[in-house]
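Novice: Quick one: this structure, given as structure tokens, is what I'll be asking you about.
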Amino acid sequence: MAWAFNRMALQGFGGVLAVAQRELVERERWLTKTQFLEVLSLGQVLPGPNIVNMALIIGDRFFGWRGAAAALLGLLAMPLLIVLLLATLYREFVDLPAVAGALRGMGAVAAGLVIGTAVKLLGGLRDNPLGKLPAAAVALLTLLAIGFWRWPMVAVVLGLGGASVALAWWRLGR
């Protein structure tokens, strides 16, 4: 467990979610796409970083508290050391234009990873209780609300998230 999450952390530094999907669903086959989406959904609702919450949930699911601790250690130990080293280097080279350009490029890469992961996981929505069309509508409304209309994240999560949960609950109850 620790090695798998360490491998994820080192491959996806700054964008582990895309790597986590590939590692947990495609490589290790510990989760199906649907299970990955369920764990991701739960990880997003809980406080803290999504991938940390997912590591704890998956580690606990397979090996109890020891698995959760191993997954967390594997996910955080090496990146912590790397961040400390990079922070020290950044302080020394912050004024170089190449450093600013590299950071802008990393932002574009991170956005691409998120979009690529979303496209890969679309097939997992087939079993979503909302259905394809309502799920797509919620995704589009969320994108517009946050990215275009600049609504506060809390309002979007409570409003659209609450409406989505209520609709899914209603559909599951039928």
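Residue numbering restarts at 1 for every chain of the structure tokens, chains are lettered A, B, ... in their displayed order, and ligands are numbered from 1 as they appear.
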Can you tell me which residues surround stretch 35-45 of chain A at a distance of at most 7 Å, considering only C-alpha atoms, apart from same-chain residues fewer than 3 positions away, and format the answer as number ranges by chain?
Specialist: A: 31-32, 50, 53-54, 124
Novice: Show which residues sit within 8 Å of stretch 99-115 of chain A, as JSON, numbers by chain. Count only C-alpha atoms, and ignore same-chain residues fewer than 4 positions away.
Specialist: {"A": [14, 15, 17, 18, 93, 94, 95, 119]}
Novice: Could you write out the selected residues, including N, CA and C atoms, as a PDB file, in the first residue's frame?
Specialist:
ATOM      1  N   GLY A  14       1.906  17.315  -7.645  1.00  0.00           N
ATOM      2  CA  GLY A  14       1.112  18.490  -7.953  1.00  0.00           C
ATOM      3  C   GLY A  14      -0.167  18.160  -8.699  1.00  0.00           C
ATOM      4  N   GLY A  15      -0.329  16.929  -9.123  1.00  0.00           N
ATOM      5  CA  GLY A  15      -1.526  16.509  -9.835  1.00  0.00           C
ATOM      6  C   GLY A  15      -1.724  15.014  -9.696  1.00  0.00           C
ATOM      7  N   LEU A  17      -4.236  13.166  -8.747  1.00  0.00           N
ATOM      8  CA  LEU A  17      -5.523  12.547  -9.038  1.00  0.00           C
ATOM      9  C   LEU A  17      -5.513  11.775 -10.348  1.00  0.00           C
ATOM     10  N   ALA A  18      -4.942  12.337 -11.380  1.00  0.00           N
ATOM     11  CA  ALA A  18      -4.876  11.641 -12.676  1.00  0.00           C
ATOM     12  C   ALA A  18      -4.055  10.362 -12.564  1.00  0.00           C
ATOM     13  N   PHE A  93      16.252  31.397  -6.104  1.00  0.00           N
ATOM     14  CA  PHE A  93      16.145  31.705  -7.526  1.00  0.00           C
ATOM     15  C   PHE A  93      14.818  32.351  -7.924  1.00  0.00           C
ATOM     16  N   VAL A  94      14.084  32.898  -6.983  1.00  0.00           N
ATOM     17  CA  VAL A  94      12.752  33.440  -7.225  1.00  0.00           C
ATOM     18  C   VAL A  94      12.742  34.569  -8.259  1.00  0.00           C
ATOM     19  N   ASP A  95      13.783  35.321  -8.375  1.00  0.00           N
ATOM     20  CA  ASP A  95      13.812  36.486  -9.264  1.00  0.00           C
ATOM     21  C   ASP A  95      14.157  36.157 -10.716  1.00  0.00           C
ATOM     22  N   VAL A 119     -12.196  13.191 -18.472  1.00  0.00           N
ATOM     23  CA  VAL A 119     -12.602  12.486 -19.691  1.00  0.00           C
ATOM     24  C   VAL A 119     -12.512  10.973 -19.489  1.00  0.00           C
TER      25      VAL A 119
END
Novice: Given the choices A:Thr34, A:Val52, A:Ile146, A:Met8, which gets closest to A:Gly123 if the distance is worked out from only C-alpha atoms?
Specialist: A:Thr34
Novice: When you draw a straight line from atom CA of A:Ala9 to atom CA of A:Leu75, how long is it in Å?
Specialist: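 Separation of atom CA of A:Ala9 and atom CA of A:Leu75: 5.3 Å.
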Novice: Could you state the separation of atom CA of A:Gly131 and atom CA of A:Leu158 in Å, given to one decimal place?
Specialist: 20.3 Å
Novice: Leaving out stretch 76-84 of chain A and any residue of its chain fewer than 2 positions from it, which residues lie within 8 Å of it when counting only C-alpha atoms, given as a list of chain:residue names?
Specialist: A:Asn6, A:Ala9, A:Leu10, A:Phe13, A:Leu72, A:Leu73, A:Gly74, A:Leu86, A:Ala87, A:Thr88
Novice: Please report the interatomic distance between atom CA of A:Leu140 and atom CA of A:Asp127 in Å with one decimal.
Specialist: 18.8 Å
Novice: Considering only C-alpha atoms, return as a list in words whatever protein or nucleic-acid residues lie within 12 Å of A:Val157, sequence-local ones (same chain, fewer than 3 positions apart) excluded.
Specialist: Ser41, Gln44, Val45, Val138, Ala139, Leu141, Thr142, Leu143, Ala145, Ile146, Trp151, Pro152, Met153, Val154, Leu160, Gly161, Gly162, Ala163, Ser164 and Val165 of chain A
